[in-house]
Structure formats: structure tokens, C-alpha cells
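Q: As input, take target.csv (CSV, C-alpha atoms and all ligand atoms):
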```csv
chain,number,residue,atom,x,y,z
A,180,MET,CA,0.0,0.0,0.0
A,181,PHE,CA,1.1,3.6,-0.6
A,182,THR,CA,1.9,5.8,2.3
A,183,LYS,CA,0.1,9.1,2.7
A,184,ASN,CA,3.3,10.9,1.6
A,185,LYS,CA,4.1,8.9,-1.4
A,186,GLN,CA,0.5,9.1,-2.7
A,187,ALA,CA,0.8,12.9,-2.9
A,188,LEU,CA,3.7,12.5,-5.4
A,189,PRO,CA,3.0,12.6,-9.2
A,190,THR,CA,3.3,9.1,-10.5
A,191,ASP,CA,6.4,9.9,-12.5
A,192,ILE,CA,8.6,10.8,-9.4
A,193,ASP,CA,10.5,7.8,-8.1
A,194,PRO,CA,9.8,7.9,-4.3
A,195,ASP,CA,13.1,5.9,-3.7
A,196,ASN,CA,15.2,8.5,-5.5
A,197,VAL,CA,14.2,11.7,-3.9
A,198,PRO,CA,17.3,13.8,-3.0
A,199,GLN,CA,17.9,13.7,0.7
A,200,HIS,CA,19.4,17.2,0.9
A,201,VAL,CA,18.1,19.9,-1.4
A,202,ALA,CA,19.6,23.4,-1.4
A,203,ILE,CA,17.9,26.4,-3.0
A,204,ILE,CA,19.2,29.9,-4.0
A,205,MET,CA,15.9,31.8,-3.8
A,206,ASP,CA,16.6,34.4,-6.4
A,207,GLY,CA,14.3,36.9,-8.3
A,208,ASN,CA,12.1,38.4,-5.5
A,209,GLY,CA,12.9,42.0,-6.5
A,210,ARG,CA,12.3,41.3,-10.2
A,211,TRP,CA,9.0,39.5,-9.3
A,212,ALA,CA,7.9,42.7,-7.6
A,213,LYS,CA,9.1,45.0,-10.3
A,214,LYS,CA,7.1,43.1,-12.9
A,215,ARG,CA,4.0,43.9,-10.8
A,216,LEU,CA,5.0,47.6,-10.3
A,217,MET,CA,5.4,46.8,-6.6
A,218,PRO,CA,8.3,47.8,-4.3
A,219,ARG,CA,11.2,45.2,-4.0
A,220,VAL,CA,10.2,44.5,-0.3
A,221,ALA,CA,6.8,43.2,-1.5
A,222,GLY,CA,8.8,40.6,-3.5
A,223,HIS,CA,10.7,39.6,-0.3
A,224,LYS,CA,7.4,39.2,1.6
A,225,ALA,CA,5.9,37.0,-1.2
A,226,GLY,CA,9.2,35.1,-1.1
A,227,MET,CA,8.9,34.5,2.6
A,228,GLU,CA,5.3,33.1,2.1
A,229,ASN,CA,6.7,30.8,-0.5
A,230,VAL,CA,9.3,29.5,1.9
A,231,LYS,CA,6.4,28.0,3.9
A,232,VAL,CA,4.8,26.5,0.8
A,233,ILE,CA,8.0,24.9,-0.5
A,234,THR,CA,9.0,23.7,3.0
A,235,LYS,CA,5.7,21.7,3.3
A,236,ALA,CA,6.1,20.3,-0.3
A,237,ALA,CA,9.7,19.2,0.4
A,238,SER,CA,8.8,17.6,3.8
A,239,ARG,CA,5.9,15.7,2.1
A,240,MET,CA,8.1,14.4,-0.7
A,241,GLY,CA,10.5,12.9,1.8
A,242,VAL,CA,13.4,15.4,1.6
A,243,LYS,CA,15.5,15.1,4.8
A,244,VAL,CA,17.3,18.5,4.7
A,245,LEU,CA,16.2,21.7,2.9
A,246,THR,CA,18.8,24.4,2.9
A,247,LEU,CA,17.7,27.9,1.8
A,248,TYR,CA,20.0,30.9,1.1
A,249,ALA,CA,18.1,33.6,2.9
A,250,PHE,CA,20.8,36.3,3.3
A,251,SER,CA,24.3,36.3,1.9
A,252,THR,CA,27.3,38.1,3.3
A,253,GLU,CA,27.2,40.2,0.1
A,254,ASN,CA,23.6,41.3,0.7
A,255,TRP,CA,24.8,44.0,3.2
A,256,LYS,CA,25.6,46.1,0.1
A,257,ARG,CA,21.9,46.6,-0.7
A,258,PRO,CA,20.2,49.9,0.2
A,259,ASN,CA,19.8,50.4,4.0
A,260,ASP,CA,16.0,50.3,4.0
A,261,GLU,CA,16.0,47.0,2.1
A,262,VAL,CA,18.5,45.4,4.5
A,263,HIS,CA,16.4,46.7,7.4
A,264,TYR,CA,13.2,45.1,5.9
A,265,LEU,CA,15.1,41.8,5.3
A,266,MET,CA,16.2,41.7,8.9
A,267,GLN,CA,12.6,41.8,10.0
A,268,LEU,CA,11.6,38.7,7.9
A,269,PRO,CA,12.9,36.0,10.3
A,270,VAL,CA,10.8,37.8,13.0
A,271,ASP,CA,7.7,37.8,10.8
A,272,PHE,CA,8.3,34.2,9.6
A,273,PHE,CA,8.6,33.1,13.2
A,274,GLY,CA,5.3,34.9,14.1
A,275,ALA,CA,3.4,33.7,11.2
A,276,PHE,CA,4.5,30.1,10.4
A,277,MET,CA,6.0,28.5,13.4
A,278,PRO,CA,2.8,26.6,14.5
A,279,GLU,CA,2.4,25.1,11.0
A,280,LEU,CA,6.1,24.0,10.9
A,281,ILE,CA,5.7,22.4,14.3
A,282,ALA,CA,2.6,20.6,13.1
A,283,GLU,CA,4.6,19.4,10.1
A,284,ASN,CA,7.4,18.1,12.6
A,285,VAL,CA,10.0,20.4,10.8
A,286,GLN,CA,13.2,21.2,12.7
A,287,VAL,CA,14.5,24.8,12.0
A,288,GLN,CA,18.3,25.3,11.9
A,289,VAL,CA,20.1,28.6,11.1
A,290,MET,CA,23.7,28.7,9.9
A,291,GLY,CA,25.9,31.8,9.3
A,292,ASN,CA,27.5,34.6,11.2
A,293,LEU,CA,24.5,35.3,13.5
A,294,GLU,CA,26.5,37.6,15.9
A,295,ALA,CA,26.6,40.3,13.3
A,296,LEU,CA,22.8,40.5,12.9
A,297,PRO,CA,20.4,42.9,14.8
A,298,ALA,CA,19.4,41.5,18.2
A,299,LYS,CA,15.7,40.9,17.2
A,300,THR,CA,16.8,38.9,14.1
A,301,GLN,CA,19.2,36.8,16.2
A,302,GLN,CA,16.5,36.2,18.8
A,303,ALA,CA,14.0,35.1,16.1
A,304,ALA,CA,16.5,32.6,14.7
A,305,ARG,CA,17.3,31.3,18.2
A,306,ASP,CA,13.6,31.0,19.1
A,307,ALA,CA,12.9,29.2,15.8
A,308,MET,CA,15.6,26.7,16.6
A,309,ALA,CA,14.7,26.2,20.2
A,310,ASP,CA,10.9,25.8,19.5
A,311,THR,CA,11.5,23.1,16.9
A,312,ALA,CA,14.5,21.4,18.5
A,313,GLN,CA,12.4,18.4,19.5
A,314,ASN,CA,11.0,17.9,16.0
A,315,THR,CA,12.2,14.7,14.3
A,316,GLY,CA,11.1,15.4,10.7
A,317,MET,CA,12.7,17.4,7.9
A,318,ILE,CA,15.5,19.9,8.8
A,319,LEU,CA,14.7,23.4,7.4
A,320,ASN,CA,18.2,24.9,7.3
A,321,PHE,CA,18.4,28.7,6.7
A,322,ALA,CA,21.7,30.2,5.5
A,323,LEU,CA,21.5,33.6,7.1
A,324,ASN,CA,24.5,36.1,6.8
A,325,TYR,CA,26.2,33.1,5.2
A,326,GLY,CA,29.1,33.1,2.7
A,327,SER,CA,31.0,30.0,1.8
A,328,ARG,CA,34.4,31.6,1.7
A,329,ASP,CA,33.8,33.0,5.2
A,330,GLU,CA,32.8,29.5,6.2
A,331,ILE,CA,35.9,27.9,4.7
A,332,GLN,CA,38.1,30.6,6.3
A,333,GLN,CA,36.5,30.0,9.7
A,334,ALA,CA,36.9,26.2,9.3
A,335,VAL,CA,40.6,26.4,8.3
A,336,GLN,CA,41.3,28.7,11.3
A,337,GLN,CA,39.7,26.3,13.7
A,338,ILE,CA,41.5,23.3,12.2
A,339,ALA,CA,44.8,25.2,12.5
A,340,LYS,CA,44.0,26.0,16.2
A,341,ASP,CA,43.1,22.4,17.0
A,342,ALA,CA,46.3,21.2,15.3
A,343,VAL,CA,48.5,23.6,17.3
A,344,SER,CA,46.8,22.6,20.5
A,345,GLY,CA,47.3,18.9,19.7
A,346,LYS,CA,43.6,18.1,19.5
A,347,ILE,CA,44.1,16.8,16.0
A,348,GLU,CA,47.1,15.5,14.0
A,349,PRO,CA,47.8,17.3,10.7
A,350,GLU,CA,47.8,13.9,9.0
A,351,SER,CA,44.1,13.4,10.1
A,352,ILE,CA,43.0,16.4,8.1
A,353,ASP,CA,41.0,14.8,5.3
A,354,ASP,CA,37.8,15.3,3.3
A,355,ASP,CA,35.6,14.0,6.2
A,356,LEU,CA,37.3,16.2,8.8
A,357,ILE,CA,37.0,19.3,6.7
A,358,SER,CA,33.3,18.6,6.2
A,359,GLN,CA,32.8,18.4,10.0
A,360,TYR,CA,34.4,21.8,10.5
A,361,LEU,CA,32.1,23.5,8.0
A,362,MET,CA,28.8,25.1,9.1
A,363,THR,CA,27.0,22.1,7.6
A,364,GLY,CA,29.0,19.7,9.8
A,365,PHE,CA,26.1,19.2,12.2
A,366,LEU,CA,24.2,17.5,9.3
A,367,GLY,CA,26.6,14.6,9.3
A,368,GLN,CA,25.8,12.2,6.5
A,369,TYR,CA,23.4,14.8,4.9
A,370,ALA,CA,26.0,17.6,4.8
A,371,ASP,CA,26.3,17.7,1.0
A,372,PRO,CA,23.2,18.4,-1.1
A,373,GLU,CA,22.4,16.0,-3.9
A,374,LEU,CA,20.5,18.8,-5.7
A,375,LEU,CA,21.1,22.5,-5.9
A,376,ILE,CA,18.3,24.7,-7.4
A,377,ARG,CA,18.6,28.3,-8.4
A,378,THR,CA,15.5,30.2,-9.4
A,379,SER,CA,15.0,33.2,-11.8
A,380,GLY,CA,17.3,32.1,-14.7
A,381,GLU,CA,20.6,33.1,-13.2
A,382,GLU,CA,23.3,30.4,-13.5
A,383,ARG,CA,25.8,31.2,-10.8
A,384,ILE,CA,26.8,29.7,-7.4
A,385,SER,CA,27.3,33.1,-5.7
A,386,ASN,CA,29.4,31.9,-2.8
A,387,PHE,CA,26.9,29.2,-1.6
A,388,LEU,CA,28.1,25.8,-0.3
A,389,LEU,CA,31.3,25.8,-2.4
A,390,TRP,CA,32.8,22.6,-0.8
A,391,GLN,CA,29.4,20.8,-0.3
A,392,ILE,CA,28.3,21.0,-4.0
A,393,ALA,CA,31.3,19.1,-5.3
A,394,TYR,CA,29.1,16.3,-6.7
A,395,SER,CA,25.6,18.0,-6.7
A,396,GLU,CA,23.3,18.1,-9.6
A,397,LEU,CA,22.7,21.8,-10.5
A,398,VAL,CA,19.2,22.7,-11.7
A,399,PHE,CA,18.5,26.3,-12.9
A,400,VAL,CA,14.8,27.2,-13.4
A,401,ASP,CA,13.4,30.4,-15.0
A,402,GLU,CA,10.7,31.1,-12.5
A,403,PHE,CA,11.2,33.9,-9.9
A,404,TRP,CA,11.3,32.5,-6.3
A,405,PRO,CA,7.7,33.7,-5.5
A,406,ASP,CA,6.5,31.8,-8.6
A,407,PHE,CA,8.4,28.6,-7.8
A,408,THR,CA,5.4,26.4,-7.0
A,409,PRO,CA,5.4,22.8,-5.7
A,410,THR,CA,4.8,21.7,-9.3
A,411,VAL,CA,7.9,23.5,-10.5
A,412,PHE,CA,9.8,22.0,-7.6
A,413,GLU,CA,8.6,18.5,-8.6
A,414,GLN,CA,9.8,19.2,-12.2
A,415,ALA,CA,13.2,20.0,-10.8
A,416,ILE,CA,13.2,16.8,-8.8
A,417,LEU,CA,12.3,14.9,-12.0
A,418,THR,CA,15.2,16.6,-13.8
A,419,TYR,CA,17.4,15.4,-11.0
A,420,GLN,CA,16.1,11.9,-11.2
A,421,HIS,CA,16.5,11.7,-15.0
A,422,ARG,CA,20.2,12.7,-14.7
A,423,ASN,CA,20.8,10.6,-11.6
A,424,ARG,CA,19.3,7.5,-13.1
A,425,ARG,CA,21.9,7.4,-15.9
A,426,PHE,CA,24.6,6.8,-13.3
A,427,GLY,CA,22.5,4.7,-11.0
A,428,GLY,CA,24.0,1.3,-11.7
A,429,LEU,CA,27.6,2.7,-11.7
A,430,LYS,CA,27.7,4.3,-8.3
B,1,LIG,C1,14.0,35.9,3.8
B,1,LIG,C2,12.3,35.4,2.1
B,1,LIG,C3,12.7,34.3,1.1
B,1,LIG,C4,13.3,34.8,-0.2
B,1,LIG,C5,14.7,35.3,-0.1
B,1,LIG,C6,15.0,36.6,0.6
B,1,LIG,C7,13.9,37.1,1.6
B,1,LIG,C8,12.7,33.3,5.7
B,1,LIG,C9,13.7,33.7,6.6
B,1,LIG,C10,14.0,33.2,7.9
B,1,LIG,C11,15.4,33.1,8.3
B,1,LIG,C12,15.7,32.6,9.6
B,1,LIG,C13,14.7,32.1,10.4
B,1,LIG,C14,13.4,32.1,10.0
B,1,LIG,C15,13.0,32.7,8.7
B,1,LIG,C16,14.3,34.8,5.9
B,1,LIG,C17,15.7,36.6,5.4
B,1,LIG,C18,15.1,36.8,4.2
B,1,LIG,C19,16.8,37.5,5.9
B,1,LIG,F1,15.0,31.5,11.6
B,1,LIG,N1,12.7,34.0,4.6
B,1,LIG,N2,13.6,35.0,4.7
B,1,LIG,N3,15.3,35.6,6.3
B,1,LIG,N4,13.4,36.1,2.5
```
Reformat the file's structure so that it appears as C-alpha cells.

A:
Amino acid sequence: MFTKNKQALPTDIDPDNVPQHVAIIMDGNGRWAKKRLMPRVAGHKAGMENVKVITKAASRMGVKVLTLYAFSTENWKRPNDEVHYLMQLPVDFFGAFMPELIAENVQVQVMGNLEALPAKTQQAARDAMADTAQNTGMILNFALNYGSRDEIQQAVQQIAKDAVSGKIEPESIDDDLISQYLMTGFLGQYADPELLIRTSGEERISNFLLWQIAYSELVFVDEFWPDFTPTVFEQAILTYQHRNRRFGGLK
């Protein structure tokens, strides 16, 4: 018999080959708003609503980790009022969607340099993590004030400190150890995404998960993030499965 989750999938998605970790660069919120003659921040608000929609869809498809690029270290260069608005979004998200996420058994995690964020933003992130810490379902992992070169710099510094103090031997520094020192280290076997999606037609990585995407399938879709529906998401998973199947027997 089908489970409730698997029944919700279109028949062409293989329930046994759903990527365990999906990462998304949620691009195109400003352009979505401009197209509607609305202010950029209206696009960010619509984008936040879509985070909830796609989180539920991912959870129901059986994804184990969904990592979302919410705010990059480069985003500080945007106009002050836009940055100010963005810093309120984790607070709004927490206020609006946390009961639904808890009902969905989703565990929220936030990775990035949180200390540099406004106090209210840090508090919202910490509350979201604390209030969902007991949940055992999908991990919704926000990259907030995250940059992969910063992440690698921080990891290399810590590895050097631990080598100097004798906690680790230089010879023990390998692929696995480096993964553990990165901000995704807490994800263990799920640290590397099998699938990276970028919305809105841009085809760049923009300092996101540089180490972790070494073997990921990259799928670029034309839709702006607020227009990235669960159906478009399922199409991206299908694209992943079609590519992945070709190598299936060889792995
Ligand atoms: C942000 C909405 C999605 C589109 C991309 C940019 C705007 C959710 C969060 C969030 C972060 C941490 C947390 C809870 C929610 C968020 C920012 C921007 C800065 F614990 N969406 N979203 N944070 N956007």
C-alpha cells in the first residue's frame, strides 16, 4: 500500500530516488515585484510566504534537509532600508508560520554569522531553533548572513588552532574532517546536497556551499522565487532523477 506521503507525489517521481538534501538559491524576488510595479520588499514578503509552501512540499516528498539561502554576506551592500526590511523577515516568519512548521514536525536550523545580525533577528533565529529542537522530521536549514568563503576561512582557522593545541594531528586532516568543521558539519551524512536549485534564470553559485556541492546536480529554473510552485519543484526533482538514473548502476 502507498503511504500518505508517497500518494501525494505525481506518479512519475520515483519515491526511492528523492534527493535527501536539497539546497535552493531563492533568487528573483525583486524582479517579481518590479514586474508587478510593486516595491522590492513586496517581493521579499511574497518570497517568505513561498518558503512555507516549499518547505511543506519538500517535507511531504520525503526530503530530509532543505537548505535555503536567505541572506548572503554580500547582501549588506543593498540599500539600507531594504536590509532593514530583510532583517525583520525572520521575526515575521517566526510569528506567522512556526505553529504550522511544528505541526509538520519540521526542525529549524540557522547557519551563518548570526552575531553580526540585529538583536531581534538573532532572537527570532534562536527562538525558531529552540521551539523546533524536539521535532524529528525534515530539517529546514536557513543560511543567514552566510558566505561559503567565510565558512571555509573559519573552518581552516579552527582546524589550525586544533592542530596547534594537539587536539588533531595534521595527518588526520582529510575530506571528512574538513566537512565536519564547515557550518553544515552538524548535518553529518546529509551535509552535502544531492540537488542545488537556483531560481529566476541566473546560473551562478554566488558563494553558496562551495565545498558541499562538489558532486551535486545543479538545476536552474526560469521562475522567480515567489513563482516557484510545488509543481515547478517536482519538475526540478524529476530533472534530478532523470540525470541521476543514468549513473544509477555505476555508483
Ligand atoms: C528571507 C524570504 C525568502 C526569499 C529570499 C529573501 C527574503 C525566511 C527567513 C528566515 C530566516 C531565519 C529564520 C526564519 C526565517 C528569511 C531573510 C530573508 C533574511 F529563523 N525568509 N527569509 N530571512 N526572505

Q: If you measure from atom CA of Asp354 of chain A to atom CA of Asp329 of chain A, what distance in Å do you get, rounded to one decimal?

A: 18.2 Å

Q: Enumerate residues in contact with ligand LIG 1 (chain B): an atom-to-atom distance of at most 9 Å, counting all atoms listed in the file. Format the result as a PyMOL selection string.

A: chain A and resi 204-208+220+222-231+247-251+262+264-273+277+287-290+300-308+320-324+404-405

Q: Which residue gives the smallest distance to Ser358 of chain A among A:Ser327, A:Gln391, A:Gln337, A:Gln332, with only C-alpha atoms counted?

A: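 For Ser358 of chain A, the nearest of the given residues is A:Gln391.
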
Q: Excluding same-chain residues fewer than 4 positions from Leu389 of chain A, what lies within 9 Å of it counting all atoms listed in the file, as a PyMOL selection string?

A: chain A and resi 327-328+331+384-385+393

Q: Taking 6 positions as the minimum chain separation for residues in the same chain, which residues sit within 10 Å of Phe412 of chain A when counting all atoms listed in the file? Answer as a tab-separated table (two decimals) with C-alpha atoms, in the frame of the given file.

A:
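The file below, result02.tsv, is the result:
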```
chain	number	residue	atom	x	y	z
A	233	ILE	CA	8.00	24.90	-0.50
A	236	ALA	CA	6.10	20.30	-0.30
A	237	ALA	CA	9.70	19.20	0.40
A	376	ILE	CA	18.30	24.70	-7.40
A	400	VAL	CA	14.80	27.20	-13.40
A	418	THR	CA	15.20	16.60	-13.80
```

Q: To one decimal place, how far is atom CA of Ser238 of chain A from atom CA of Met317 of chain A in Å?

A: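 Atom-to-atom, atom CA of Ser238 of chain A to atom CA of Met317 of chain A, that is 5.7 Å.
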
Q: Could you work out how far atom CA of Pro409 of chain A lies from atom CA of Ile281 of chain A, giving the answer in Å with one decimal?

A: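 It comes out at 20.0 Å.
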
Q: Choose the residue, out of A:Pro218, A:Trp211, A:Gln286, A:Asp191, that has the smallest atom-to-atom separation from Asp406 of chain A; count all atoms listed in the file.

A: A:Trp211

Q: May I ask which of the residues A:Ser379, A:Thr234, A:Ser344, A:Asn196 is the closest one to Thr246 of chain A, counting all atoms listed in the file?

A: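 For Thr246 of chain A, the nearest of the candidates is A:Thr234.
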
Q: Could you name the residues that touch Leu361 of chain A at 8 Å or less, counting all atoms listed in the file, but leaving out those on the same chain fewer than 2 positions away, as a PyMOL selection string?

A: chain A and resi 330-331+334+357-359+363-364

Q: Fewer than 3 positions away in the same chain doesn't count, so skip those; otherwise give me all residues within 12 Å of Gln414 of chain A, counting only C-alpha atoms, as a PDB file with C-alpha atoms, keeping the file's coordinate frame.

A:
```pdb
ATOM      1  CA  LEU A 188       3.700  12.500  -5.400  1.00  0.00           C
ATOM      2  CA  PRO A 189       3.000  12.600  -9.200  1.00  0.00           C
ATOM      3  CA  ASP A 191       6.400   9.900 -12.500  1.00  0.00           C
ATOM      4  CA  ILE A 192       8.600  10.800  -9.400  1.00  0.00           C
ATOM      5  CA  ILE A 376      18.300  24.700  -7.400  1.00  0.00           C
ATOM      6  CA  VAL A 398      19.200  22.700 -11.700  1.00  0.00           C
ATOM      7  CA  PHE A 399      18.500  26.300 -12.900  1.00  0.00           C
ATOM      8  CA  VAL A 400      14.800  27.200 -13.400  1.00  0.00           C
ATOM      9  CA  GLU A 402      10.700  31.100 -12.500  1.00  0.00           C
ATOM     10  CA  PHE A 407       8.400  28.600  -7.800  1.00  0.00           C
ATOM     11  CA  THR A 408       5.400  26.400  -7.000  1.00  0.00           C
ATOM     12  CA  PRO A 409       5.400  22.800  -5.700  1.00  0.00           C
ATOM     13  CA  THR A 410       4.800  21.700  -9.300  1.00  0.00           C
ATOM     14  CA  VAL A 411       7.900  23.500 -10.500  1.00  0.00           C
ATOM     15  CA  LEU A 417      12.300  14.900 -12.000  1.00  0.00           C
ATOM     16  CA  THR A 418      15.200  16.600 -13.800  1.00  0.00           C
ATOM     17  CA  TYR A 419      17.400  15.400 -11.000  1.00  0.00           C
ATOM     18  CA  GLN A 420      16.100  11.900 -11.200  1.00  0.00           C
ATOM     19  CA  HIS A 421      16.500  11.700 -15.000  1.00  0.00           C
TER      20      HIS A 421
END
```

Q: Given all atoms listed in the file as the basis, pick out the residue of A:Gly241, A:His263, A:Ala275, A:Val343 nearest to Gly316 of chain A.

A: A:Gly241

Q: Please determine, counting all atoms listed in the file, which residue among A:Thr315, A:Glu261, A:Ala202, A:Asn292 has the shortest atom-to-atom distance to Ala221 of chain A.

A: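 Checking each of A:Thr315, A:Glu261, A:Ala202, A:Asn292 against Ala221 of chain A, counting all atoms listed in the file, the winner is A:Glu261.
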